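Asks: Could you have a look at this structure, given as structure tokens, before my questions?
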Amino acid sequence: MNDKSVQKFLQLSSVLTGFSLFELRASDCTEEFYETTQRQIGRENLEAFLANFADTTQADIDVSLANSFLGPIAKNIIRMWYVGNWVAMPDEWWAAHSSEIFAANSTFVVSSQAYKEGLVWKAADTHPMGSKSGGFGSWALPPAETK
Amino acid sequence: MNTQYDFDVVIVGAGVAGLIMAKQILEDAGNFRVLVLEAGGERSKSFEGHREYLKNFFEALIKIPNSPYPAEFYAPHPNELETKLLNKNDPAAELQYVLQNGPQPFRTTYTRSLGGTVQHWLGTCLRLRPSDLKMRTTYGRGLDWPLTYEELMPYYRKAEFEIGVAGDVDEQKLDGFKFEDGYVYPMEGIPKSYVDSELERRLNGHTFTYAGTTQKPRVTASPQGRNGIPNPKYKDENKNQYVPLGAVGRGDLGLRCEGNSSCVPICPAQAKYTPVKTLNKIDIPEYADRFSILYNSVATKLHIEKESGNIESLEYKKYGRGSISTKQVTAKVYILAAHAVENAKLLLNSSCKNDLIGRNLMDHPFVLTWGLSDWNAGTFRGPAVTSTITSLCDLPTRKDLSACRIEISNWGWNWATGSPYAEVDEFLGQGLHGQKLREALKNNISRQIEFNFLTEQLPDKDNRVTIDENFRDELELPRPKLHYQLGEYERAGLIEAKKVSDQIFKSAGVTDCTKYDKKDPGYFEFGQSNAVFYGAGHIGGTHIMGLNANDSVVDKDQRSHDHRNLFAIGSGSFPTMGTSNPTLTIAALSFRSAEAVLRQLKQANPWN
Ligand SMILES: Cc1cc2nc3c(=O)[nH]c(=O)nc-3n(C[C@H](O)[C@H](O)[C@H](O)COP(=O)(O)OP(=O)(O)OC[C@H]3O[C@@H](n4cnc5c(N)ncnc54)[C@H](O)[C@@H]3O)c2cc1C
Ligand code: SF4
């Protein structure tokens with residue numbers, strides 16, 4: 001695997017998700033997500049995607065999210081970090097950019113780990129359903145921020 | 001009649017009803033021999049099997065109740081998504097194991113493997129109310145049970161011990177339940193969630209109108225079958241304190257609910273009761289020579305002796321990899337504990353005559369309402385539900401419209417929208433990313449309030465399970481076909497829910513966000529209003545209990561009126577549903593019926 005690309009992928013993931021590099025590294029999902037993305041959209045598309053974000057300013061990202069090639073990839077990466085699922089690429093994207101060597105265009109849970117590390121739970125100040133429980137009675141306490 | 005029996009008792013189904021029955025018979029001094037036939041596999045018996053189920057849950061895209069528990073090829077079960085009505089133009093409807101004849105879908109499910117449907121239950125352990133058992137007398141609706149609350153009380157205690165209920169008796173008393181003096185639940189109440197307490201505090205002093213009456217919102221903690229702190233005041237029948245039972249295969253784990261927030265469909269810690277805990281009490285060397293349980297063994301047919309109507313033998317099919325063998329077993333007493341739909345399927349496939357078999361199919365149809373609070377509710381923490389608003393469970397209005405119990409969701413809009421997945425999609429769709437996305441999700445999810453209005457469905461003979469020879473399962477058995485519709489009574493109750501919700505939301509600082517989708521299979525209209533109903537997984541009726549074969553299928557001991565050595569047990573025996581979840585009552589009835597079975601076994605002529 002290309003370490004530089006993985007690093008780039010991680011940095012970009014941080015900007016896209018709103019979570020720090022530190023928080024993303026802690027989940028230990030970077031390589032799995034990088035590989036999943038590469039398997040699903042192909043190496044060339046992933047490289048092109050990463051290359052597009054030379055310096056990732058807010059304006060860049062807004063433009064990219066609206067772009068018909070970059071946008072669906074970016075959203076899928078965000079979604080993978082947030083809930084652990086890879087979602088099938090939109091039909092138009094698939095028609096324009098796929099090749100035979102790609103994995104099937106499908107929707108799936110990347111792994112148990114990916115589910116449990118989903119950022120949506122952290123964003124909402126809670127824990128993934130079925131894992132990392134708060135302990136007996138923790139649900140009776142006020143939520144973190146109003147303590 | 002043949003006097004050589006393979007067993008004293010054969011029980012069909014290793015769920016809570018069947019396993020409590022097995023335990024009671026084995027523990028009797030009569031040394032009776034018991035066989036349990038279980039249609040599904042035995043994965044839940046080991047800790048490794050449980051871990052496998054947990055992995056299934058984590059990796060399931062749609063985390064519905066049966067998602068951890070794959071259906072067996074030869075013993076299929078339905079799932080909530082199979083709501084297609086039979087229709088010549090839609091072949092997919094015929095592929096659903098349980099056929100939906102309509103006019104409305106029966107939106108509920110059950111599980112066929114060791115432990116049964118309780119594997120994915122929530123764990124709410126309410127008793128039925130005294131009036132629930134006397135609906136006809138009290139409100140002129142539905143039917144009376146042939147049993148009173150007082151008759152059930154000692155069995156409720158046994159059930160609360162077996163399941164290991166954590167609850168607060170004083171709070172239940174305030175809510176209209178009666179208990180023996182000094183009685184406490186085995187464990188202290190599971191703490192109310194922050195959502196519960198905040199709602200309670202904010203609603204204090206407020207009232208709302210309901211079907212022309214004025215009501216106060218009463219937030220009551222639910223007794224629950226999940227491990228908490230043992231109550232030092234509790235004494236069991238042998239005057240011992242309650243000791244919680246830990247995880248199956250790892251008794252050191254699961255001694256207390258950890259707040260994993262995934263009770264439906266799976267409790268990772270196994271702090272929640274599962275019938276496998278009951279099985280472990282009898283699957284012991286002491287009983288090895290008189291207790292057997294066979295997995296992957298589907299009971300298919302009862303053979304009936306012509307003259308007496310007694311059951312002569314039970315046919316079952318044992319399946320393995322690529323092999324199916326048909327077997328017969330004989331016993332003095334036969335007990336069907338396969339749950340309401342499968343019990344009916346078996347009785348109908350055995351050509352049992354009583355026309356009421358399969359009829360009076362019921363559930364607790366419910367509607368959801370949801371809104372955003374103007375305060376941080378700290379959602380997605382703790383068991384799915386820890387309290388309910390119980391003000392509408394037993395009012396004189398029950399003569400006009402169905403009563404309801406309002407569950408307060410601790411998991412935000414999880415059931416209504418599929419939160420938090422739907423919200424991630426929605427905000428991504430709006431082009432949000434980075435900090436903005438994170439904040440939008442936080443701001444939305446932690447303020448999600450959801451109510452589940454569970455209503456009482458009345459018995460209706462036209463709501464029924466039949467079997468259809470033209471559609472067969474993998475064992476060539478005619479598949480169950482459901483005929484189902486909400487009556488005016490239930491519709492009126494469900495529609496009233498939204499009006500109540502609007503008022504309570506307003507008092508509690510919650511902005512309503514409820515939207516009912518016309519395309520949803522549970523969409524219905526009533527007067528000027530509409531809603532979407534769901535099924536609660538509380539399947540009742542199908543072999544209701546009563547006084548004689550003209551009004552019912554079984555008697556108050558759950559013994560068939562027509563076949564005196566046959567019992568059909570579980571919520572299939574319920575003549576009415578009340579607003580309480582059924583399983584505690586199922587367990588209590590099993591304890592009670594076990595006494596009747598034992599009396600019968602000890603008679604000189606047990607089949608009379
Ligand atoms: C999502 C959900 C949440 C729920 N939450 C609650 C709750 O909070 N509180 C509550 O009180 N109730 C709850 N329930 C209801 C509860 O699960 C049922 O009331 C309970 O499981 C019924 O117990 P049972 O033993 O009669 O049947 P089951 O649990 O269904 O067990 C029947 C057993 O029989 C076996 N079987 C079936 N057919 C055959 C055959 N032909 N031969 C051999 N074996 C067979 C099955 O494999 C199964 O093991 C919930 C249900 C659902 C779906
Ligand atoms: S909250 Fe968690 S530990 Fe408690 S019963 Fe539910 S799943 Fe089990």
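Ordering of the structure tokens sets the chain letters (A, B, ...), residue numbers begin anew at 1 in every chain, and ligands are numbered from 1 in the order given.
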Mind listing as a compact mmCIF listing (two decimals) with N, CA and C atoms, in the first residue's frame which residues of chain A are within 9 Å of chain B, counting only C-alpha atoms?
Replies:
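Generated file (iface.txt):
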```
# COMPACT_ATOMS: atom_id res chain seq x y z
N SER A 13 -9.74 12.82 5.29
CA SER A 13 -10.85 12.30 6.09
C SER A 13 -11.10 13.21 7.28
N SER A 14 -10.03 13.71 7.86
CA SER A 14 -10.16 14.58 9.03
C SER A 14 -10.93 15.85 8.65
N VAL A 15 -10.57 16.41 7.51
CA VAL A 15 -11.26 17.64 7.08
C VAL A 15 -12.72 17.33 6.74
N LEU A 16 -12.91 16.22 6.06
CA LEU A 16 -14.27 15.88 5.62
C LEU A 16 -15.20 15.56 6.79
N THR A 17 -14.64 14.93 7.83
CA THR A 17 -15.50 14.46 8.92
C THR A 17 -15.62 15.46 10.06
N GLY A 18 -14.64 16.36 10.17
CA GLY A 18 -14.67 17.28 11.30
C GLY A 18 -14.10 16.67 12.57
N PHE A 19 -13.38 15.57 12.44
CA PHE A 19 -12.71 14.95 13.59
C PHE A 19 -11.20 15.05 13.40
N ILE A 61 -13.34 22.19 -0.63
CA ILE A 61 -14.19 21.07 -0.26
C ILE A 61 -15.61 21.32 -0.74
N ASP A 62 -16.08 22.53 -0.54
CA ASP A 62 -17.44 22.82 -0.99
C ASP A 62 -17.58 22.58 -2.48
N LEU A 65 -17.46 18.76 -3.19
CA LEU A 65 -18.67 18.02 -2.81
C LEU A 65 -19.75 18.17 -3.87
N ALA A 66 -19.72 19.30 -4.56
CA ALA A 66 -20.73 19.54 -5.59
C ALA A 66 -20.34 18.91 -6.93
N LYS A 75 -18.60 11.87 -0.19
CA LYS A 75 -19.73 11.53 0.69
C LYS A 75 -19.62 10.10 1.20
N ILE A 78 -17.07 10.00 3.96
CA ILE A 78 -17.63 10.57 5.20
C ILE A 78 -18.58 9.55 5.84
N ARG A 79 -19.44 8.97 5.01
CA ARG A 79 -20.43 8.05 5.55
C ARG A 79 -19.76 6.82 6.20
N TYR A 82 -18.56 7.81 9.50
CA TYR A 82 -19.64 8.12 10.45
C TYR A 82 -20.44 6.91 10.87
N VAL A 83 -20.72 5.98 9.95
CA VAL A 83 -21.56 4.85 10.37
C VAL A 83 -20.96 3.48 10.05
N ASN A 85 -20.59 2.11 7.08
CA ASN A 85 -21.15 1.48 5.88
C ASN A 85 -20.52 2.04 4.60
N THR A 107 -23.78 -2.15 -1.34
CA THR A 107 -23.87 -1.48 -0.06
C THR A 107 -23.64 -2.51 1.04
N PHE A 108 -22.76 -2.20 1.98
CA PHE A 108 -22.47 -3.19 3.03
C PHE A 108 -21.85 -2.52 4.25
N VAL A 109 -21.86 -3.25 5.36
CA VAL A 109 -21.16 -2.79 6.56
C VAL A 109 -19.71 -3.21 6.40
N VAL A 110 -18.80 -2.26 6.50
CA VAL A 110 -17.39 -2.56 6.22
C VAL A 110 -16.88 -3.65 7.15
N SER A 111 -17.16 -3.53 8.45
CA SER A 111 -16.75 -4.56 9.41
C SER A 111 -17.37 -4.22 10.76
N SER A 112 -17.30 -5.16 11.69
CA SER A 112 -17.78 -4.88 13.05
C SER A 112 -17.06 -3.67 13.62
N GLN A 113 -15.74 -3.68 13.41
CA GLN A 113 -14.91 -2.59 13.92
C GLN A 113 -15.37 -1.24 13.36
N TYR A 115 -18.28 -0.44 12.26
CA TYR A 115 -19.56 -0.07 12.88
C TYR A 115 -19.31 0.54 14.25
N LYS A 116 -18.51 -0.16 15.05
CA LYS A 116 -18.32 0.27 16.44
C LYS A 116 -17.58 1.60 16.55
N LEU A 119 -18.34 7.50 13.76
CA LEU A 119 -18.19 8.81 14.39
C LEU A 119 -19.52 9.43 14.80
N VAL A 120 -20.61 8.94 14.19
CA VAL A 120 -21.90 9.55 14.51
C VAL A 120 -22.18 9.43 16.00
N TRP A 121 -21.75 8.33 16.58
CA TRP A 121 -22.01 8.12 18.01
C TRP A 121 -21.19 9.11 18.84
N LYS A 122 -19.96 9.33 18.40
CA LYS A 122 -19.13 10.31 19.13
C LYS A 122 -19.70 11.70 18.95
N ALA A 123 -20.14 11.98 17.72
CA ALA A 123 -20.70 13.31 17.45
C ALA A 123 -21.88 13.56 18.39
N ALA A 124 -22.67 12.54 18.63
CA ALA A 124 -23.87 12.71 19.46
C ALA A 124 -23.58 12.47 20.94
N ASP A 125 -22.32 12.44 21.31
CA ASP A 125 -21.93 12.24 22.72
C ASP A 125 -22.47 10.95 23.31
N THR A 126 -22.48 9.89 22.51
CA THR A 126 -22.93 8.62 23.08
C THR A 126 -22.01 7.51 22.59
N HIS A 127 -22.49 6.28 22.64
CA HIS A 127 -21.66 5.14 22.26
C HIS A 127 -22.43 4.34 21.22
N PRO A 128 -21.74 3.55 20.39
CA PRO A 128 -22.47 2.77 19.39
C PRO A 128 -23.41 1.77 20.07
N MET A 129 -24.59 1.57 19.48
CA MET A 129 -25.53 0.62 20.06
C MET A 129 -24.86 -0.76 20.05
N GLY A 130 -24.78 -1.36 21.23
CA GLY A 130 -24.22 -2.70 21.33
C GLY A 130 -22.75 -2.73 21.69
N SER A 131 -22.14 -1.57 21.96
CA SER A 131 -20.71 -1.59 22.26
C SER A 131 -20.32 -0.37 23.08
N LYS A 132 -19.16 -0.46 23.74
CA LYS A 132 -18.59 0.66 24.50
C LYS A 132 -19.60 1.29 25.45
N SER A 133 -20.29 0.45 26.18
CA SER A 133 -21.37 0.92 27.03
C SER A 133 -20.87 1.86 28.11
N GLY A 134 -21.79 2.66 28.60
CA GLY A 134 -21.44 3.66 29.60
C GLY A 134 -21.40 3.13 31.03
N GLY A 135 -21.89 1.91 31.25
CA GLY A 135 -21.93 1.34 32.59
C GLY A 135 -23.30 1.48 33.22
N PHE A 136 -23.57 0.64 34.24
CA PHE A 136 -24.89 0.60 34.87
C PHE A 136 -25.33 1.98 35.34
N GLY A 137 -26.51 2.36 34.93
CA GLY A 137 -27.07 3.62 35.41
C GLY A 137 -26.57 4.87 34.71
N SER A 138 -25.59 4.71 33.80
CA SER A 138 -25.01 5.90 33.16
C SER A 138 -26.08 6.71 32.42
N TRP A 139 -27.12 6.00 31.95
CA TRP A 139 -28.18 6.67 31.18
C TRP A 139 -29.05 7.61 32.02
N ALA A 140 -28.91 7.50 33.34
CA ALA A 140 -29.71 8.38 34.20
C ALA A 140 -29.04 9.74 34.38
N LEU A 141 -27.76 9.80 34.07
CA LEU A 141 -27.01 11.04 34.29
C LEU A 141 -27.30 12.05 33.18
N PRO A 142 -27.16 13.33 33.49
CA PRO A 142 -27.31 14.33 32.43
C PRO A 142 -26.26 14.09 31.36
N PRO A 143 -26.56 14.45 30.11
CA PRO A 143 -25.58 14.28 29.05
C PRO A 143 -24.35 15.13 29.31
N ALA A 144 -23.24 14.69 28.74
CA ALA A 144 -21.94 15.27 29.04
C ALA A 144 -21.96 16.80 29.15
N GLU A 145 -22.51 17.47 28.14
CA GLU A 145 -22.30 18.91 28.07
C GLU A 145 -23.10 19.70 29.12
N THR A 146 -24.18 19.10 29.66
CA THR A 146 -24.96 19.87 30.64
C THR A 146 -24.57 19.53 32.07
```
Asks: What is the atom 41 (N, counted along the ligand's line) of ligand 1 to CA of Asn463 in chain B distance in Å?
Replies: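 Result for atom 41 (N, counted along the ligand's line) of ligand 1 versus CA of Asn463 in chain B: 21.4 Å, one decimal.
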Asks: Which of range 17-139 of chain A counts as alpha helix (DSSP H) under DSSP, as a count of residues only please?
Replies: 70
Asks: Using only C-alpha atoms, which of A:Leu46, A:Cys29, A:Ala96, A:Leu24 sits nearest Ala74 in chain A?
Replies: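 Between A:Leu46, A:Cys29, A:Ala96, A:Leu24, the residue approaching Ala74 in chain A most closely is A:Leu46.
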Asks: Leaving out range 121-135 of chain B and any residue of its chain fewer than 4 positions from it, which residues lie within 8 Å of it when counting only C-alpha atoms, given as an MDAnalysis selection string?
Replies: chainID B and resid 117 139:145 147:150 156 165 176:177 222:226 263:265 272:273 383:385 394 576:585
Asks: Write out, as an mmCIF file, in the first residue's frame, the residues just selected, with C-alpha atoms.
Replies:
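Listed below is the output, part21.cif:
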```cif
data_model
loop_
_atom_site.group_PDB
_atom_site.id
_atom_site.type_symbol
_atom_site.label_atom_id
_atom_site.label_comp_id
_atom_site.auth_asym_id
_atom_site.auth_seq_id
_atom_site.Cartn_x
_atom_site.Cartn_y
_atom_site.Cartn_z
ATOM 1 C CA THR B 117 -38.373 -14.673 20.317
ATOM 2 C CA TYR B 139 -66.006 -2.238 29.627
ATOM 3 C CA GLY B 140 -68.364 -4.356 27.563
ATOM 4 C CA ARG B 141 -65.577 -5.053 25.061
ATOM 5 C CA GLY B 142 -63.586 -8.111 24.106
ATOM 6 C CA LEU B 143 -63.676 -11.141 26.376
ATOM 7 C CA ASP B 144 -63.178 -12.017 30.019
ATOM 8 C CA TRP B 145 -60.372 -14.328 30.972
ATOM 9 C CA LEU B 147 -58.791 -16.431 35.388
ATOM 10 C CA THR B 148 -58.608 -13.501 37.781
ATOM 11 C CA TYR B 149 -55.649 -11.348 38.688
ATOM 12 C CA GLU B 150 -55.781 -12.779 42.205
ATOM 13 C CA TYR B 156 -46.468 -13.733 38.667
ATOM 14 C CA VAL B 165 -37.227 -8.739 37.264
ATOM 15 C CA GLY B 176 -52.882 0.645 40.020
ATOM 16 C CA PHE B 177 -51.288 -2.770 40.406
ATOM 17 C CA SER B 222 -41.126 -0.198 33.861
ATOM 18 C CA PRO B 223 -40.224 -3.399 35.676
ATOM 19 C CA GLN B 224 -37.617 -5.057 33.468
ATOM 20 C CA GLY B 225 -36.085 -8.479 32.942
ATOM 21 C CA ARG B 226 -32.511 -7.232 33.027
ATOM 22 C CA CYS B 263 -31.435 -4.811 23.946
ATOM 23 C CA VAL B 264 -33.531 -5.190 20.810
ATOM 24 C CA PRO B 265 -32.135 -7.170 19.068
ATOM 25 C CA LYS B 272 -31.137 -9.290 29.826
ATOM 26 C CA TYR B 273 -33.044 -12.497 30.550
ATOM 27 C CA PRO B 383 -32.078 0.252 27.480
ATOM 28 C CA ALA B 384 -34.466 1.189 24.655
ATOM 29 C CA VAL B 385 -37.233 2.054 27.087
ATOM 30 C CA ASP B 394 -57.070 1.841 32.125
ATOM 31 C CA THR B 576 -57.351 -10.206 25.403
ATOM 32 C CA MET B 577 -54.041 -8.354 25.408
ATOM 33 C CA GLY B 578 -54.319 -5.455 27.860
ATOM 34 C CA THR B 579 -51.586 -2.880 27.328
ATOM 35 C CA SER B 580 -48.802 -4.811 29.049
ATOM 36 C CA ASN B 581 -46.133 -6.718 27.170
ATOM 37 C CA PRO B 582 -47.088 -10.396 27.257
ATOM 38 C CA THR B 583 -44.049 -12.386 28.332
ATOM 39 C CA LEU B 584 -44.297 -12.102 32.109
ATOM 40 C CA THR B 585 -47.864 -13.367 31.834
#
```
Asks: So that I can see what lies close to Leu347 in chain B, please list as a list of chain:residue names the residues with an atom at most 8 Å from it, counting only C-alpha atoms and leaving out residues fewer than 3 positions away in the same chain.
Replies: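 Answer for this query is B:Lys301, B:Leu302, B:Asn343, B:Ala344, B:Ser350, B:Ser351, B:Cys352, B:Ile357.
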Asks: Based on DSSP run over this structure's backbone, return all residues of chain A in strand (DSSP E or B), as an MDAnalysis selection string.
Replies: chainID A and resid 85:86 108:109
Asks: With a distance cut-off of 9 Å and only C-alpha atoms, select the neighbouring residues of Leu12 in chain A, excluding the residue or stretch itself and same-chain residues fewer than 4 positions from it, and output the selection as a PDB file with N, CA and C atoms, in the first residue's frame.
Replies:
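Written out: around-v9.pdb:
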```pdb
ATOM      1  N   GLN A   7      -1.809   8.432   4.078  1.00  0.00           N
ATOM      2  CA  GLN A   7      -1.695   9.642   4.884  1.00  0.00           C
ATOM      3  C   GLN A   7      -2.599  10.743   4.348  1.00  0.00           C
ATOM      4  N   LYS A   8      -2.584  10.862   3.043  1.00  0.00           N
ATOM      5  CA  LYS A   8      -3.406  11.866   2.387  1.00  0.00           C
ATOM      6  C   LYS A   8      -4.891  11.578   2.650  1.00  0.00           C
ATOM      7  N   LEU A  16     -12.911  16.216   6.058  1.00  0.00           N
ATOM      8  CA  LEU A  16     -14.270  15.882   5.620  1.00  0.00           C
ATOM      9  C   LEU A  16     -15.195  15.561   6.787  1.00  0.00           C
ATOM     10  N   THR A  17     -14.644  14.925   7.830  1.00  0.00           N
ATOM     11  CA  THR A  17     -15.504  14.459   8.921  1.00  0.00           C
ATOM     12  C   THR A  17     -15.618  15.461  10.062  1.00  0.00           C
ATOM     13  N   LEU A  50      -7.691  11.973  -4.536  1.00  0.00           N
ATOM     14  CA  LEU A  50      -6.765  12.526  -3.539  1.00  0.00           C
ATOM     15  C   LEU A  50      -5.946  13.668  -4.115  1.00  0.00           C
ATOM     16  N   PHE A  53      -7.182  17.254  -3.978  1.00  0.00           N
ATOM     17  CA  PHE A  53      -7.157  18.045  -2.740  1.00  0.00           C
ATOM     18  C   PHE A  53      -5.726  18.384  -2.359  1.00  0.00           C
ATOM     19  N   THR A  56      -6.246  21.576   1.186  1.00  0.00           N
ATOM     20  CA  THR A  56      -7.677  21.425   1.404  1.00  0.00           C
ATOM     21  C   THR A  56      -8.256  22.609   2.161  1.00  0.00           C
TER      22      THR A  56
END
```
Asks: Which polymer residues have any atom within 10 Å of an atom of range 20-25 of chain B, counting only C-alpha atoms, with same-chain residues fewer than 5 positions away left out, as an NGL selection string?
Replies: :B and (8-11 or 14-15 or 30-36 or 159 or 162-163 or 275 or 278-283 or 291 or 335 or 337 or 569 or 586-595 or 597-598 or 601)
Asks: The selected residues should be written to file as an mmCIF file, in the first residue's frame (atoms: C-alpha atoms).
Replies:
```cif
data_model
loop_
_atom_site.group_PDB
_atom_site.id
_atom_site.type_symbol
_atom_site.label_atom_id
_atom_site.label_comp_id
_atom_site.auth_asym_id
_atom_site.auth_seq_id
_atom_site.Cartn_x
_atom_site.Cartn_y
_atom_site.Cartn_z
ATOM 1 C CA ASP B 8 -44.047 -38.589 30.097
ATOM 2 C CA VAL B 9 -44.174 -35.173 28.471
ATOM 3 C CA VAL B 10 -43.179 -33.857 25.085
ATOM 4 C CA ILE B 11 -42.819 -30.092 24.757
ATOM 5 C CA ALA B 14 -37.593 -24.143 23.574
ATOM 6 C CA GLY B 15 -38.708 -20.593 24.246
ATOM 7 C CA GLY B 30 -42.345 -37.532 40.336
ATOM 8 C CA ASN B 31 -39.182 -38.182 38.299
ATOM 9 C CA PHE B 32 -40.971 -37.533 35.035
ATOM 10 C CA ARG B 33 -39.227 -37.877 31.705
ATOM 11 C CA VAL B 34 -39.324 -34.826 29.433
ATOM 12 C CA LEU B 35 -38.449 -34.302 25.797
ATOM 13 C CA VAL B 36 -38.197 -30.819 24.277
ATOM 14 C CA ALA B 159 -42.256 -15.598 36.868
ATOM 15 C CA GLU B 162 -37.387 -16.874 36.997
ATOM 16 C CA ILE B 163 -36.924 -13.957 34.613
ATOM 17 C CA PRO B 275 -34.674 -18.594 28.287
ATOM 18 C CA THR B 278 -33.748 -21.413 32.389
ATOM 19 C CA LEU B 279 -32.454 -24.247 30.220
ATOM 20 C CA ASN B 280 -29.158 -24.177 32.111
ATOM 21 C CA LYS B 281 -31.026 -25.027 35.314
ATOM 22 C CA ILE B 282 -32.265 -28.310 33.861
ATOM 23 C CA ASP B 283 -29.568 -29.259 31.388
ATOM 24 C CA PHE B 291 -34.394 -34.913 30.069
ATOM 25 C CA ILE B 335 -47.413 -29.444 25.192
ATOM 26 C CA ALA B 337 -45.099 -24.005 23.164
ATOM 27 C CA ILE B 569 -49.348 -22.591 25.981
ATOM 28 C CA ILE B 586 -46.778 -16.148 29.454
ATOM 29 C CA ALA B 587 -44.227 -17.211 32.068
ATOM 30 C CA ALA B 588 -46.781 -17.013 34.889
ATOM 31 C CA LEU B 589 -49.226 -19.128 32.907
ATOM 32 C CA SER B 590 -46.507 -21.719 32.261
ATOM 33 C CA PHE B 591 -45.895 -22.007 35.997
ATOM 34 C CA ARG B 592 -49.612 -22.351 36.593
ATOM 35 C CA SER B 593 -50.199 -24.868 33.804
ATOM 36 C CA ALA B 594 -47.234 -26.964 34.958
ATOM 37 C CA GLU B 595 -49.212 -27.692 38.118
ATOM 38 C CA VAL B 597 -49.806 -31.076 33.909
ATOM 39 C CA LEU B 598 -48.268 -32.566 37.043
ATOM 40 C CA LEU B 601 -49.428 -37.079 35.199
#
```
Asks: In terms of the shortest atom-to-atom distance over only C-alpha atoms and all ligand atoms, which of B:Gln241, B:Leu356, B:Gln119, B:Lys88 is closest to ligand 2?
Replies: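 Of all the options, B:Gln119 lies closest to ligand 2.
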Asks: Restricting the calculation to only C-alpha atoms, which member of A:Leu21, A:Ala114, A:Ala104, A:Ala26 is positioned closest to Arg39 in chain A?
Replies: A:Ala104
Asks: Counting only C-alpha atoms and all ligand atoms, which residue out of B:Ser297, B:Thr138, B:Thr542, B:Gln100 sits closest to ligand 1?
Replies: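 Using only C-alpha atoms and all ligand atoms, ligand 1 sits closest to B:Ser297.
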